[in-house]
>>> print(open('start20.pdb').read())   # PDB, C-alpha atoms
MODEL        1
ATOM      1  CA  PHE A   1      97.675  68.873  95.851
ATOM      2  CA  SER A   2      95.564  67.124  93.211
ATOM      3  CA  TYR A   3      92.740  66.935  95.772
ATOM      4  CA  ALA A   4      92.624  70.753  95.888
ATOM      5  CA  VAL A   5      92.182  70.812  92.123
ATOM      6  CA  LEU A   6      89.578  68.029  92.098
ATOM      7  CA  ILE A   7      87.326  69.515  94.779
ATOM      8  CA  GLY A   8      87.238  72.902  93.052
ATOM      9  CA  LEU A   9      89.382  74.883  95.475
ATOM     10  CA  ILE A  10      91.434  76.367  92.642
ATOM     11  CA  GLU A  11      88.280  77.447  90.791
ATOM     12  CA  THR A  12      86.969  79.059  93.976
ATOM     13  CA  LEU A  13      90.209  80.993  94.430
ATOM     14  CA  THR A  14      90.095  82.008  90.771
ATOM     15  CA  ARG A  15      86.556  83.363  91.166
ATOM     16  CA  ARG A  16      87.772  85.529  94.048
ATOM     17  CA  CYS A  17      90.247  87.201  91.701
ATOM     18  CA  THR A  18      87.878  87.524  88.755
ATOM     19  CA  LYS A  19      85.217  89.272  90.845
ATOM     20  CA  ILE A  20      87.445  92.313  91.355
ATOM     21  CA  HIS A  21      86.669  95.047  88.836
ATOM     22  CA  GLU A  22      87.952  98.175  90.572
ATOM     23  CA  SER A  23      90.533  99.375  93.029
ATOM     24  CA  VAL A  24      90.269  97.743  96.455
ATOM     25  CA  GLU A  25      92.805 100.017  98.148
ATOM     26  CA  SER A  26      90.298 101.372 100.668
ATOM     27  CA  HIS A  27      89.082  97.900 101.707
ATOM     28  CA  GLN A  28      91.806  96.414 103.890
ATOM     29  CA  SER A  29      90.000  93.126 104.541
ATOM     30  CA  VAL A  30      89.529  92.552 100.801
ATOM     31  CA  VAL A  31      93.200  93.346 100.157
ATOM     32  CA  LEU A  32      94.316  90.907 102.854
ATOM     33  CA  SER A  33      91.991  88.214 101.532
ATOM     34  CA  LEU A  34      93.287  88.693  97.983
ATOM     35  CA  LEU A  35      96.895  88.598  99.191
ATOM     36  CA  ALA A  36      96.162  85.282 100.908
ATOM     37  CA  THR A  37      94.442  83.962  97.762
ATOM     38  CA  LEU A  38      97.363  84.949  95.538
ATOM     39  CA  GLY A  39      99.819  83.490  98.037
ATOM     40  CA  LEU A  40      98.003  80.154  98.116
ATOM     41  CA  LEU A  41      97.807  79.990  94.313
ATOM     42  CA  THR A  42     101.530  80.763  94.168
ATOM     43  CA  LYS A  43     102.322  77.966  96.628
ATOM     44  CA  PHE A  44     100.259  75.552  94.552
ATOM     45  CA  ALA A  45     102.169  76.673  91.448
ATOM     46  CA  GLU A  46     105.457  76.054  93.275
ATOM     47  CA  ILE A  47     104.582  72.434  94.082
ATOM     48  CA  CYS A  48     102.835  71.712  90.796
ATOM     49  CA  PRO A  49     104.495  69.028  88.660
ATOM     50  CA  LYS A  50     106.744  70.802  86.176
ATOM     51  CA  GLY A  51     106.206  70.615  82.461
ATOM     52  CA  PRO A  52     103.250  70.026  80.172
ATOM     53  CA  ASN A  53     102.472  66.524  81.528
ATOM     54  CA  ASP A  54     100.709  67.736  84.665
ATOM     55  CA  PRO A  55      98.444  64.937  85.950
ATOM     56  CA  THR A  56      96.615  67.335  88.286
ATOM     57  CA  LYS A  57      95.491  69.609  85.411
ATOM     58  CA  PHE A  58      96.566  72.619  87.497
ATOM     59  CA  LEU A  59      98.521  74.162  84.626
ATOM     60  CA  SER A  60      95.720  73.575  82.154
ATOM     61  CA  LEU A  61      93.353  75.290  84.584
ATOM     62  CA  ALA A  62      95.780  78.214  84.793
ATOM     63  CA  GLN A  63      95.706  78.451  81.022
ATOM     64  CA  GLN A  64      91.907  78.221  80.764
ATOM     65  CA  THR A  65      91.372  80.941  83.381
ATOM     66  CA  GLU A  66      93.987  83.393  82.057
ATOM     67  CA  LEU A  67      96.400  82.599  84.877
ATOM     68  CA  PHE A  68      93.635  82.287  87.480
ATOM     69  CA  GLY A  69      92.183  85.667  86.545
ATOM     70  CA  SER A  70      95.343  87.397  87.730
ATOM     71  CA  ILE A  71      95.888  89.439  84.561
ATOM     72  CA  ALA A  72      92.373  90.932  84.543
ATOM     73  CA  PHE A  73      92.578  91.397  88.304
ATOM     74  CA  LEU A  74      95.869  93.264  88.002
ATOM     75  CA  HIS A  75      94.514  95.442  85.199
ATOM     76  CA  SER A  76      91.309  96.340  87.035
ATOM     77  CA  THR A  77      93.060  97.254  90.290
ATOM     78  CA  ILE A  78      95.953  99.291  88.928
ATOM     79  CA  VAL A  79      94.883 101.015  85.709
ATOM     80  CA  PRO A  80      92.097 103.140  87.251
ATOM     81  CA  ILE A  81      94.502 104.540  89.857
ATOM     82  CA  GLY A  82      96.922 106.285  87.514
ATOM     83  CA  GLU A  83     100.480 107.303  88.278
ATOM     84  CA  CYS A  84     100.535 107.269  92.098
ATOM     85  CA  ILE A  85      99.867 103.680  93.122
ATOM     86  CA  PRO A  86      99.011 103.242  96.834
ATOM     87  CA  PRO A  87     100.973 100.765  99.013
ATOM     88  CA  ARG A  88      98.271  98.104  99.335
ATOM     89  CA  THR A  89      97.819  98.047  95.598
ATOM     90  CA  VAL A  90     101.587  97.715  95.154
ATOM     91  CA  SER A  91     101.453  94.684  97.483
ATOM     92  CA  LEU A  92      98.713  93.125  95.341
ATOM     93  CA  ALA A  93     100.682  93.838  92.179
ATOM     94  CA  ALA A  94     103.804  92.253  93.696
ATOM     95  CA  ALA A  95     101.862  89.146  94.780
ATOM     96  CA  THR A  96     100.323  88.864  91.302
ATOM     97  CA  PHE A  97     103.742  89.252  89.676
ATOM     98  CA  ASN A  98     105.102  86.545  91.979
ATOM     99  CA  LEU A  99     102.291  84.192  90.883
ATOM    100  CA  ILE A 100     102.958  84.947  87.206
ATOM    101  CA  VAL A 101     106.701  84.321  87.538
ATOM    102  CA  THR A 102     106.086  81.082  89.444
ATOM    103  CA  LEU A 103     103.680  79.861  86.746
ATOM    104  CA  ALA A 104     106.177  80.779  84.032
ATOM    105  CA  ASN A 105     108.856  78.780  85.841
ATOM    106  CA  ALA A 106     106.512  75.796  86.188
ATOM    107  CA  ASP A 107     105.745  75.611  82.463
ATOM    108  CA  LEU A 108     106.666  78.360  80.047
ATOM    109  CA  GLY A 109     104.382  76.955  77.357
ATOM    110  CA  THR A 110     101.301  77.316  79.544
ATOM    111  CA  PHE A 111     102.348  80.805  80.481
ATOM    112  CA  GLN A 112     102.843  81.953  76.881
ATOM    113  CA  VAL A 113      99.532  80.705  75.479
TER     114      VAL A 113
ENDMDL
END
>>> encode(input="start20.pdb", output="structure tokens")
Amino acid sequence: FSYAVLIGLIETLTRRCTKIHESVESHQSVVLSLLATLGLLTKFAEICPKGPNDPTKFLSLAQQTELFGSIAFLHSTIVPIGECIPPRTVSLAAATFNLIVTLANADLGTFQV
């Protein structure tokens, strides 16, 4: 796990999320790639050492990148759509919410800052 943080895998996954600035509903391959990215980040958050004394610095990276860019990503994919949110976008929102909840469970302090 710490190896993934040290080699920059987490930063690479974060960049994938932060590059999205509009709805990706019509691009199935992008949606699937983002779902896989969010799923992997969520799995890392699940196995991350709990609490503020994280030797891997995973939680501090989450804090520095605004939860791996997930908040900005969620805003940029959903807000432009309006009231009727398409199914693929709902899947992305659910995966993002799952990541956020998992991070909050790992360390509430990191999540709140």
>>> resolve_selection(input="start20.pdb", expression="the PyMOL selection byres ((chain A and resi 89-101) around 10)", output="JSON, numbers by chain")
{"A": [23, 24, 25, 26, 31, 32, 34, 35, 36, 37, 38, 39, 40, 41, 42, 43, 44, 45, 46, 67, 68, 69, 70, 71, 73, 74, 75, 77, 78, 81, 85, 86, 87, 88, 102, 103, 104, 105, 106, 108, 111]}
>>> atom_distance(input="start20.pdb", atom1="CA of Ile20 (chain A)", atom2="CA of Leu59 (chain A)")
22.3 Å
>>> resolve_selection(input="start20.pdb", expression="the PyMOL selection byres ((chain A and resi 58) around 12)", output="PyMOL selection string")
chain A and resi 1-6+8-11+14+41-42+44-57+59-65+67-68+103+106-107+110
>>> write_last_selection(input="start20.pdb", atoms="C-alpha atoms", output="PDB file, in the coordinates of the input")
ATOM      1  CA  PHE A   1      97.675  68.873  95.851  1.00  0.00           C
ATOM      2  CA  SER A   2      95.564  67.124  93.211  1.00  0.00           C
ATOM      3  CA  TYR A   3      92.740  66.935  95.772  1.00  0.00           C
ATOM      4  CA  ALA A   4      92.624  70.753  95.888  1.00  0.00           C
ATOM      5  CA  VAL A   5      92.182  70.812  92.123  1.00  0.00           C
ATOM      6  CA  LEU A   6      89.578  68.029  92.098  1.00  0.00           C
ATOM      7  CA  GLY A   8      87.238  72.902  93.052  1.00  0.00           C
ATOM      8  CA  LEU A   9      89.382  74.883  95.475  1.00  0.00           C
ATOM      9  CA  ILE A  10      91.434  76.367  92.642  1.00  0.00           C
ATOM     10  CA  GLU A  11      88.280  77.447  90.791  1.00  0.00           C
ATOM     11  CA  THR A  14      90.095  82.008  90.771  1.00  0.00           C
ATOM     12  CA  LEU A  41      97.807  79.990  94.313  1.00  0.00           C
ATOM     13  CA  THR A  42     101.530  80.763  94.168  1.00  0.00           C
ATOM     14  CA  PHE A  44     100.259  75.552  94.552  1.00  0.00           C
ATOM     15  CA  ALA A  45     102.169  76.673  91.448  1.00  0.00           C
ATOM     16  CA  GLU A  46     105.457  76.054  93.275  1.00  0.00           C
ATOM     17  CA  ILE A  47     104.582  72.434  94.082  1.00  0.00           C
ATOM     18  CA  CYS A  48     102.835  71.712  90.796  1.00  0.00           C
ATOM     19  CA  PRO A  49     104.495  69.028  88.660  1.00  0.00           C
ATOM     20  CA  LYS A  50     106.744  70.802  86.176  1.00  0.00           C
ATOM     21  CA  GLY A  51     106.206  70.615  82.461  1.00  0.00           C
ATOM     22  CA  PRO A  52     103.250  70.026  80.172  1.00  0.00           C
ATOM     23  CA  ASN A  53     102.472  66.524  81.528  1.00  0.00           C
ATOM     24  CA  ASP A  54     100.709  67.736  84.665  1.00  0.00           C
ATOM     25  CA  PRO A  55      98.444  64.937  85.950  1.00  0.00           C
ATOM     26  CA  THR A  56      96.615  67.335  88.286  1.00  0.00           C
ATOM     27  CA  LYS A  57      95.491  69.609  85.411  1.00  0.00           C
ATOM     28  CA  LEU A  59      98.521  74.162  84.626  1.00  0.00           C
ATOM     29  CA  SER A  60      95.720  73.575  82.154  1.00  0.00           C
ATOM     30  CA  LEU A  61      93.353  75.290  84.584  1.00  0.00           C
ATOM     31  CA  ALA A  62      95.780  78.214  84.793  1.00  0.00           C
ATOM     32  CA  GLN A  63      95.706  78.451  81.022  1.00  0.00           C
ATOM     33  CA  GLN A  64      91.907  78.221  80.764  1.00  0.00           C
ATOM     34  CA  THR A  65      91.372  80.941  83.381  1.00  0.00           C
ATOM     35  CA  LEU A  67      96.400  82.599  84.877  1.00  0.00           C
ATOM     36  CA  PHE A  68      93.635  82.287  87.480  1.00  0.00           C
ATOM     37  CA  LEU A 103     103.680  79.861  86.746  1.00  0.00           C
ATOM     38  CA  ALA A 106     106.512  75.796  86.188  1.00  0.00           C
ATOM     39  CA  ASP A 107     105.745  75.611  82.463  1.00  0.00           C
ATOM     40  CA  THR A 110     101.301  77.316  79.544  1.00  0.00           C
TER      41      THR A 110
END
>>> atom_distance(input="start20.pdb", atom1="CA of His21 (chain A)", atom2="CA of Ser76 (chain A)")
5.1 Å
>>> atom_distance(input="start20.pdb", atom1="CA of Thr12 (chain A)", atom2="CA of Ser33 (chain A)")
12.9 Å
>>> decode(input="start20.pdb", residues="region 13-35 of chain A", atoms="N, CA, C and O atoms", output="mmCIF file, in the first residue's frame")
data_model
loop_
_atom_site.group_PDB
_atom_site.id
_atom_site.type_symbol
_atom_site.label_atom_id
_atom_site.label_comp_id
_atom_site.auth_asym_id
_atom_site.auth_seq_id
_atom_site.Cartn_x
_atom_site.Cartn_y
_atom_site.Cartn_z
ATOM 1 N N LEU A 13 -3.808 8.886 -10.147
ATOM 2 C CA LEU A 13 -5.254 8.677 -10.088
ATOM 3 C C LEU A 13 -5.976 9.987 -9.782
ATOM 4 O O LEU A 13 -7.051 10.253 -10.336
ATOM 5 N N THR A 14 -5.389 10.792 -8.924
ATOM 6 C CA THR A 14 -5.976 12.093 -8.593
ATOM 7 C C THR A 14 -6.037 12.983 -9.819
ATOM 8 O O THR A 14 -7.049 13.647 -10.072
ATOM 9 N N ARG A 15 -4.971 13.005 -10.608
ATOM 10 C CA ARG A 15 -4.953 13.824 -11.829
ATOM 11 C C ARG A 15 -6.051 13.403 -12.793
ATOM 12 O O ARG A 15 -6.626 14.237 -13.493
ATOM 13 N N ARG A 16 -6.359 12.115 -12.831
ATOM 14 C CA ARG A 16 -7.434 11.640 -13.712
ATOM 15 C C ARG A 16 -8.759 12.295 -13.320
ATOM 16 O O ARG A 16 -9.546 12.665 -14.184
ATOM 17 N N CYS A 17 -8.988 12.421 -12.036
ATOM 18 C CA CYS A 17 -10.238 13.034 -11.560
ATOM 19 C C CYS A 17 -10.244 14.541 -11.765
ATOM 20 O O CYS A 17 -11.268 15.117 -12.129
ATOM 21 N N THR A 18 -9.099 15.179 -11.535
ATOM 22 C CA THR A 18 -9.064 16.640 -11.626
ATOM 23 C C THR A 18 -9.084 17.151 -13.065
ATOM 24 O O THR A 18 -9.341 18.333 -13.280
ATOM 25 N N LYS A 19 -8.846 16.293 -14.031
ATOM 26 C CA LYS A 19 -8.890 16.712 -15.430
ATOM 27 C C LYS A 19 -10.311 16.821 -15.976
ATOM 28 O O LYS A 19 -10.517 17.380 -17.042
ATOM 29 N N ILE A 20 -11.276 16.308 -15.254
ATOM 30 C CA ILE A 20 -12.663 16.328 -15.728
ATOM 31 C C ILE A 20 -13.300 17.666 -15.363
ATOM 32 O O ILE A 20 -13.357 18.036 -14.194
ATOM 33 N N HIS A 21 -13.781 18.384 -16.389
ATOM 34 C CA HIS A 21 -14.376 19.689 -16.158
ATOM 35 C C HIS A 21 -15.771 19.817 -16.775
ATOM 36 O O HIS A 21 -16.302 20.920 -16.859
ATOM 37 N N GLU A 22 -16.326 18.721 -17.222
ATOM 38 C CA GLU A 22 -17.663 18.748 -17.820
ATOM 39 C C GLU A 22 -18.260 17.355 -17.747
ATOM 40 O O GLU A 22 -17.591 16.395 -17.366
ATOM 41 N N SER A 23 -19.514 17.261 -18.118
ATOM 42 C CA SER A 23 -20.182 15.970 -18.083
ATOM 43 C C SER A 23 -19.491 14.981 -19.026
ATOM 44 O O SER A 23 -19.083 15.336 -20.132
ATOM 45 N N VAL A 24 -19.368 13.748 -18.579
ATOM 46 C CA VAL A 24 -18.738 12.705 -19.395
ATOM 47 C C VAL A 24 -19.750 11.617 -19.761
ATOM 48 O O VAL A 24 -19.375 10.544 -20.201
ATOM 49 N N GLU A 25 -21.010 11.914 -19.583
ATOM 50 C CA GLU A 25 -22.087 10.944 -19.783
ATOM 51 C C GLU A 25 -22.012 10.269 -21.153
ATOM 52 O O GLU A 25 -22.245 9.078 -21.278
ATOM 53 N N SER A 26 -21.686 11.015 -22.180
ATOM 54 C CA SER A 26 -21.693 10.457 -23.535
ATOM 55 C C SER A 26 -20.403 9.700 -23.886
ATOM 56 O O SER A 26 -20.290 9.159 -24.974
ATOM 57 N N HIS A 27 -19.471 9.634 -22.979
ATOM 58 C CA HIS A 27 -18.189 8.961 -23.229
ATOM 59 C C HIS A 27 -18.064 7.744 -22.313
ATOM 60 O O HIS A 27 -17.472 7.830 -21.234
ATOM 61 N N GLN A 28 -18.578 6.621 -22.771
ATOM 62 C CA GLN A 28 -18.638 5.426 -21.927
ATOM 63 C C GLN A 28 -17.254 4.985 -21.446
ATOM 64 O O GLN A 28 -17.091 4.607 -20.291
ATOM 65 N N SER A 29 -16.256 5.028 -22.297
ATOM 66 C CA SER A 29 -14.926 4.578 -21.884
ATOM 67 C C SER A 29 -14.357 5.469 -20.784
ATOM 68 O O SER A 29 -13.687 4.980 -19.869
ATOM 69 N N VAL A 30 -14.626 6.768 -20.843
ATOM 70 C CA VAL A 30 -14.161 7.679 -19.801
ATOM 71 C C VAL A 30 -14.890 7.386 -18.494
ATOM 72 O O VAL A 30 -14.277 7.344 -17.425
ATOM 73 N N VAL A 31 -16.195 7.148 -18.585
ATOM 74 C CA VAL A 31 -16.985 6.828 -17.389
ATOM 75 C C VAL A 31 -16.454 5.558 -16.732
ATOM 76 O O VAL A 31 -16.245 5.518 -15.518
ATOM 77 N N LEU A 32 -16.210 4.528 -17.527
ATOM 78 C CA LEU A 32 -15.713 3.268 -16.978
ATOM 79 C C LEU A 32 -14.330 3.444 -16.355
ATOM 80 O O LEU A 32 -14.038 2.888 -15.294
ATOM 81 N N SER A 33 -13.487 4.221 -16.992
ATOM 82 C CA SER A 33 -12.156 4.485 -16.456
ATOM 83 C C SER A 33 -12.244 5.250 -15.127
ATOM 84 O O SER A 33 -11.528 4.937 -14.178
ATOM 85 N N LEU A 34 -13.124 6.228 -15.066
ATOM 86 C CA LEU A 34 -13.291 6.992 -13.824
ATOM 87 C C LEU A 34 -13.887 6.132 -12.720
ATOM 88 O O LEU A 34 -13.507 6.266 -11.558
ATOM 89 N N LEU A 35 -14.818 5.249 -13.064
ATOM 90 C CA LEU A 35 -15.377 4.339 -12.065
ATOM 91 C C LEU A 35 -14.291 3.436 -11.487
ATOM 92 O O LEU A 35 -14.236 3.194 -10.280
#
